[in-house]
Each structure stands twice: as structure tokens, then as C-alpha cells.
Amino acid sequence: MSGFNDFAIARALHVLAVLIWIGGVAFVTWVLLPACRALADGHAQLDLFERLEQRFAAIARWSVLLAGASGLWLVWRLDAWARFADPASWWWMHGMVAVWTAFALMLFVLEPFVLHRVFEARARRDPIGAMATIQRLHGILLGVSLVVLVGAVAGSHGGFVFA
């Protein structure tokens with residue numbers, strides 16, 4: 001039996017965190033938002049979305065923190081800092097940092113301090129339009145996340161490295 005393998009544990013935690021985080025975003029985008037938007041009343045759409053999405057927000061915050069911490073550990077452990085000097089070959093490394101940064105800003109800064117008030121004000125005027133905007137933004141974030149996710153998995157196994 002071999003000893004403690006911090007690299008394997010960090011990689012497993014990283015994959016688990018990304019699975020929960022991006023899987024949750026996919027659920028919200030492809031299941032929750034369409035179900036909410038199927039309701040006739042715009043205010044009912046927003047109410048249902050806020051009640052259910054708020055429960056996922058705490059999970060998303062923890063998974064984003066875990067993904068960031070484990071990702072940083074992996075870069076440090078692999079001494080992979082030089083990859084950031086070659087964005088053409090290691091584009092997915094930059095993509096992971098960019099997606100992580102966007103979600104961290106969204107979950108910890110923009111949503112609680114800015115977006116909640118902005119969407120609340122818009123929702124009072126135009127709940128259907130606010131829900132359409134929320135769904136569109138989730139779709140964009142999910143699309144970019146999935147491209148980077150595929151690139152990261154392939155890149156970490158020898159694919160998508162163009163050097």
C-alpha cells in the first residue's frame with residue numbers, strides 16, 4: 001500500500017468541485033429556468049427561481065471556493081506556472097482561471113451587492129424580460145464553461161496542446 005497522495009486527493013477534490021458547480025449551472029440553465037419560465041405569471045416565475053436558485057447559491061459558493069483552492073494547489077504542486085506564459089498551447093489553463101474568476105466575482109461580489117438589486121428593480125417593471133435576461137446570461141456562462149471544461153479535460157490528458 002502506498003502512502004498519502006496529496007496530488008490525487010487534490011485532483012479528485014477539484015473534479016468533484018467542478019462537477020457540482022458546473023453541473024449545478026447546467027441544471028439551473030437547462031431545467032430550472034425553463035420550468036420557471038413555463039409559468040404564466042412573470043412574478044411567479046421570478047419567485048420560484050429565486051427560492052430554488054438561492055438554495056443552490058450556497059452550494060455553488062463552496063464548490064467554487066474548493067475548485068479554486070484545489071486548482072491553485074495543483075498548479076503549485078505540478079509547478080505549472082510556466083503554462084500561463086504560453087496561452088496558445090495552454091489556452092484551457094487561462095480559460096479555467098477566467099471562468100473561475102467570473103463565477104467567483106458573480107457569486108461573491110456582483111450577485112449579492114449589485115445584481116440582486118438591479119434584477120429586483122427590473123423584475124418589478126418587466127418580470128418576463130428579467131427572466132429572459134437571467135436565462136440568456138446563464139446560457140452564455142454555461143456555454144463558455146463547457147468549452148473550457150472540455151478543453152481542460154482533453155488538455156490535461158495530452159489533447160489540445162498546440163505546441
# chains A, B, ... in the order shown; residues from 1 in each chain; ligands from 1

$ residues_around --residues "Arg83 (chain A)" --least-positions-apart "6" --cutoff "9 Å" --atoms "only C-alpha atoms" --output "MDAnalysis selection string"
chainID A and resid 89:91 93:94

$ write_last_selection --atoms "C-alpha atoms" --output "CSV table (one decimal), in the first residue's frame"
chain,number,residue,atom,x,y,z
A,89,SER,CA,-0.6,26.0,-26.1
A,90,TRP,CA,-2.2,26.1,-22.7
A,91,TRP,CA,-5.4,28.2,-23.5
A,93,MET,CA,-5.5,26.9,-18.2
A,94,HIS,CA,-6.3,30.5,-18.9

$ closest_atom_pairs --of "region 53-88 of chain A" --to "region 100-104 of chain A" --cutoff "8 Å" --atoms "only C-alpha atoms" --output "tab-separated table"
residue	atom	partner	partner_atom	distance
A:Arg61	CA	A:Ala104	CA	7.6
A:Val64	CA	A:Ala104	CA	6.7
A:Leu65	CA	A:Ala104	CA	7.9
A:Gly68	CA	A:Trp100	CA	7.0

$ residues_around --residues "region 19-34 of chain A" --least-positions-apart "4" --cutoff "10 Å" --atoms "only C-alpha atoms" --output "PDB file with N, CA and C atoms, in the first residue's frame"
ATOM      1  N   LEU A  13     -10.693  16.228  -5.523  1.00  0.00           N
ATOM      2  CA  LEU A  13     -11.492  17.330  -4.974  1.00  0.00           C
ATOM      3  C   LEU A  13     -11.788  18.376  -6.042  1.00  0.00           C
ATOM      4  N   HIS A  14     -10.820  18.631  -6.909  1.00  0.00           N
ATOM      5  CA  HIS A  14     -11.010  19.606  -7.981  1.00  0.00           C
ATOM      6  C   HIS A  14     -12.116  19.136  -8.939  1.00  0.00           C
ATOM      7  N   VAL A  15     -12.045  17.890  -9.339  1.00  0.00           N
ATOM      8  CA  VAL A  15     -13.064  17.337 -10.239  1.00  0.00           C
ATOM      9  C   VAL A  15     -14.433  17.338  -9.560  1.00  0.00           C
ATOM     10  N   ALA A  38     -42.027  28.516 -17.740  1.00  0.00           N
ATOM     11  CA  ALA A  38     -43.264  27.908 -18.226  1.00  0.00           C
ATOM     12  C   ALA A  38     -44.489  28.399 -17.454  1.00  0.00           C
ATOM     13  N   LEU A  39     -44.265  28.980 -16.275  1.00  0.00           N
ATOM     14  CA  LEU A  39     -45.370  29.552 -15.512  1.00  0.00           C
ATOM     15  C   LEU A  39     -45.888  30.790 -16.235  1.00  0.00           C
ATOM     16  N   GLN A  45     -42.786  33.303 -11.845  1.00  0.00           N
ATOM     17  CA  GLN A  45     -41.537  32.779 -12.409  1.00  0.00           C
ATOM     18  C   GLN A  45     -40.346  33.203 -11.558  1.00  0.00           C
ATOM     19  N   LEU A  46     -40.274  34.488 -11.291  1.00  0.00           N
ATOM     20  CA  LEU A  46     -39.172  35.037 -10.501  1.00  0.00           C
ATOM     21  C   LEU A  46     -39.165  34.499  -9.076  1.00  0.00           C
ATOM     22  N   LEU A  48     -40.345  31.619  -7.900  1.00  0.00           N
ATOM     23  CA  LEU A  48     -39.903  30.230  -7.889  1.00  0.00           C
ATOM     24  C   LEU A  48     -38.396  30.151  -8.156  1.00  0.00           C
ATOM     25  N   PHE A  49     -37.925  30.884  -9.148  1.00  0.00           N
ATOM     26  CA  PHE A  49     -36.497  30.867  -9.466  1.00  0.00           C
ATOM     27  C   PHE A  49     -35.657  31.316  -8.268  1.00  0.00           C
ATOM     28  N   LEU A  52     -35.589  28.655  -5.369  1.00  0.00           N
ATOM     29  CA  LEU A  52     -34.813  27.444  -5.638  1.00  0.00           C
ATOM     30  C   LEU A  52     -33.350  27.749  -5.915  1.00  0.00           C
ATOM     31  N   GLU A  53     -33.080  28.797  -6.658  1.00  0.00           N
ATOM     32  CA  GLU A  53     -31.703  29.137  -7.003  1.00  0.00           C
ATOM     33  C   GLU A  53     -30.919  29.577  -5.773  1.00  0.00           C
ATOM     34  N   PHE A  56     -29.229  26.733  -4.197  1.00  0.00           N
ATOM     35  CA  PHE A  56     -28.038  26.276  -4.906  1.00  0.00           C
ATOM     36  C   PHE A  56     -26.880  27.263  -4.750  1.00  0.00           C
ATOM     37  N   ALA A  57     -27.157  28.523  -4.541  1.00  0.00           N
ATOM     38  CA  ALA A  57     -26.097  29.536  -4.467  1.00  0.00           C
ATOM     39  C   ALA A  57     -25.073  29.205  -3.386  1.00  0.00           C
ATOM     40  N   ILE A  59     -24.288  26.232  -2.235  1.00  0.00           N
ATOM     41  CA  ILE A  59     -23.535  25.078  -2.726  1.00  0.00           C
ATOM     42  C   ILE A  59     -22.533  25.535  -3.780  1.00  0.00           C
ATOM     43  N   ALA A  60     -22.983  26.416  -4.668  1.00  0.00           N
ATOM     44  CA  ALA A  60     -22.093  26.926  -5.718  1.00  0.00           C
ATOM     45  C   ALA A  60     -20.917  27.689  -5.112  1.00  0.00           C
ATOM     46  N   ARG A  61     -21.165  28.482  -4.090  1.00  0.00           N
ATOM     47  CA  ARG A  61     -20.074  29.239  -3.451  1.00  0.00           C
ATOM     48  C   ARG A  61     -19.015  28.305  -2.873  1.00  0.00           C
ATOM     49  N   TRP A  62     -19.454  27.273  -2.161  1.00  0.00           N
ATOM     50  CA  TRP A  62     -18.498  26.322  -1.586  1.00  0.00           C
ATOM     51  C   TRP A  62     -17.749  25.571  -2.674  1.00  0.00           C
ATOM     52  N   SER A  63     -18.459  25.158  -3.736  1.00  0.00           N
ATOM     53  CA  SER A  63     -17.784  24.395  -4.787  1.00  0.00           C
ATOM     54  C   SER A  63     -16.818  25.269  -5.579  1.00  0.00           C
ATOM     55  N   VAL A  64     -17.149  26.539  -5.783  1.00  0.00           N
ATOM     56  CA  VAL A  64     -16.229  27.451  -6.465  1.00  0.00           C
ATOM     57  C   VAL A  64     -14.985  27.685  -5.603  1.00  0.00           C
ATOM     58  N   LEU A  66     -13.747  25.575  -3.385  1.00  0.00           N
ATOM     59  CA  LEU A  66     -12.983  24.334  -3.408  1.00  0.00           C
ATOM     60  C   LEU A  66     -12.267  24.151  -4.745  1.00  0.00           C
ATOM     61  N   ALA A  67     -12.944  24.479  -5.841  1.00  0.00           N
ATOM     62  CA  ALA A  67     -12.306  24.368  -7.160  1.00  0.00           C
ATOM     63  C   ALA A  67     -11.104  25.311  -7.254  1.00  0.00           C
ATOM     64  N   PHE A 103     -17.109  33.428 -12.165  1.00  0.00           N
ATOM     65  CA  PHE A 103     -18.084  32.890 -11.220  1.00  0.00           C
ATOM     66  C   PHE A 103     -17.816  33.378  -9.798  1.00  0.00           C
ATOM     67  N   MET A 131     -36.495  37.541 -16.480  1.00  0.00           N
ATOM     68  CA  MET A 131     -36.251  36.098 -16.537  1.00  0.00           C
ATOM     69  C   MET A 131     -35.552  35.718 -17.843  1.00  0.00           C
ATOM     70  N   ALA A 132     -35.915  36.350 -18.939  1.00  0.00           N
ATOM     71  CA  ALA A 132     -35.253  36.065 -20.220  1.00  0.00           C
ATOM     72  C   ALA A 132     -33.777  36.452 -20.149  1.00  0.00           C
ATOM     73  N   ILE A 134     -31.932  36.614 -17.386  1.00  0.00           N
ATOM     74  CA  ILE A 134     -31.284  35.655 -16.483  1.00  0.00           C
ATOM     75  C   ILE A 134     -30.982  34.361 -17.233  1.00  0.00           C
ATOM     76  N   GLN A 135     -31.938  33.880 -18.027  1.00  0.00           N
ATOM     77  CA  GLN A 135     -31.728  32.642 -18.766  1.00  0.00           C
ATOM     78  C   GLN A 135     -30.636  32.818 -19.820  1.00  0.00           C
ATOM     79  N   ARG A 136     -30.621  33.932 -20.507  1.00  0.00           N
ATOM     80  CA  ARG A 136     -29.603  34.202 -21.525  1.00  0.00           C
ATOM     81  C   ARG A 136     -28.205  34.251 -20.897  1.00  0.00           C
ATOM     82  N   LEU A 137     -28.064  34.956 -19.771  1.00  0.00           N
ATOM     83  CA  LEU A 137     -26.768  35.050 -19.097  1.00  0.00           C
ATOM     84  C   LEU A 137     -26.297  33.686 -18.595  1.00  0.00           C
ATOM     85  N   HIS A 138     -27.213  32.904 -18.035  1.00  0.00           N
ATOM     86  CA  HIS A 138     -26.851  31.555 -17.597  1.00  0.00           C
ATOM     87  C   HIS A 138     -26.399  30.703 -18.791  1.00  0.00           C
ATOM     88  N   GLY A 139     -27.077  30.839 -19.919  1.00  0.00           N
ATOM     89  CA  GLY A 139     -26.709  30.084 -21.118  1.00  0.00           C
ATOM     90  C   GLY A 139     -25.315  30.441 -21.612  1.00  0.00           C
ATOM     91  N   ILE A 140     -24.994  31.729 -21.602  1.00  0.00           N
ATOM     92  CA  ILE A 140     -23.656  32.168 -22.029  1.00  0.00           C
ATOM     93  C   ILE A 140     -22.595  31.639 -21.076  1.00  0.00           C
ATOM     94  N   LEU A 141     -22.820  31.815 -19.777  1.00  0.00           N
ATOM     95  CA  LEU A 141     -21.848  31.325 -18.788  1.00  0.00           C
ATOM     96  C   LEU A 141     -21.666  29.812 -18.877  1.00  0.00           C
ATOM     97  N   LEU A 142     -22.757  29.088 -19.060  1.00  0.00           N
ATOM     98  CA  LEU A 142     -22.660  27.639 -19.170  1.00  0.00           C
ATOM     99  C   LEU A 142     -21.921  27.248 -20.442  1.00  0.00           C
ATOM    100  N   GLY A 143     -22.234  27.889 -21.557  1.00  0.00           N
ATOM    101  CA  GLY A 143     -21.567  27.563 -22.823  1.00  0.00           C
ATOM    102  C   GLY A 143     -20.062  27.750 -22.742  1.00  0.00           C
ATOM    103  N   SER A 145     -18.271  27.845 -20.017  1.00  0.00           N
ATOM    104  CA  SER A 145     -17.771  26.885 -19.033  1.00  0.00           C
ATOM    105  C   SER A 145     -17.582  25.501 -19.642  1.00  0.00           C
ATOM    106  N   LEU A 146     -18.518  25.066 -20.458  1.00  0.00           N
ATOM    107  CA  LEU A 146     -18.426  23.733 -21.055  1.00  0.00           C
ATOM    108  C   LEU A 146     -17.298  23.648 -22.078  1.00  0.00           C
ATOM    109  N   LEU A 149     -14.247  23.430 -19.985  1.00  0.00           N
ATOM    110  CA  LEU A 149     -14.220  22.123 -19.323  1.00  0.00           C
ATOM    111  C   LEU A 149     -13.720  21.035 -20.266  1.00  0.00           C
TER     112      LEU A 149
END

$ closest_residue --among "A:Ala58, A:Leu115, A:Val18, A:Met106" --to "Ala152 (chain A)" --atoms "only C-alpha atoms"
A:Val18
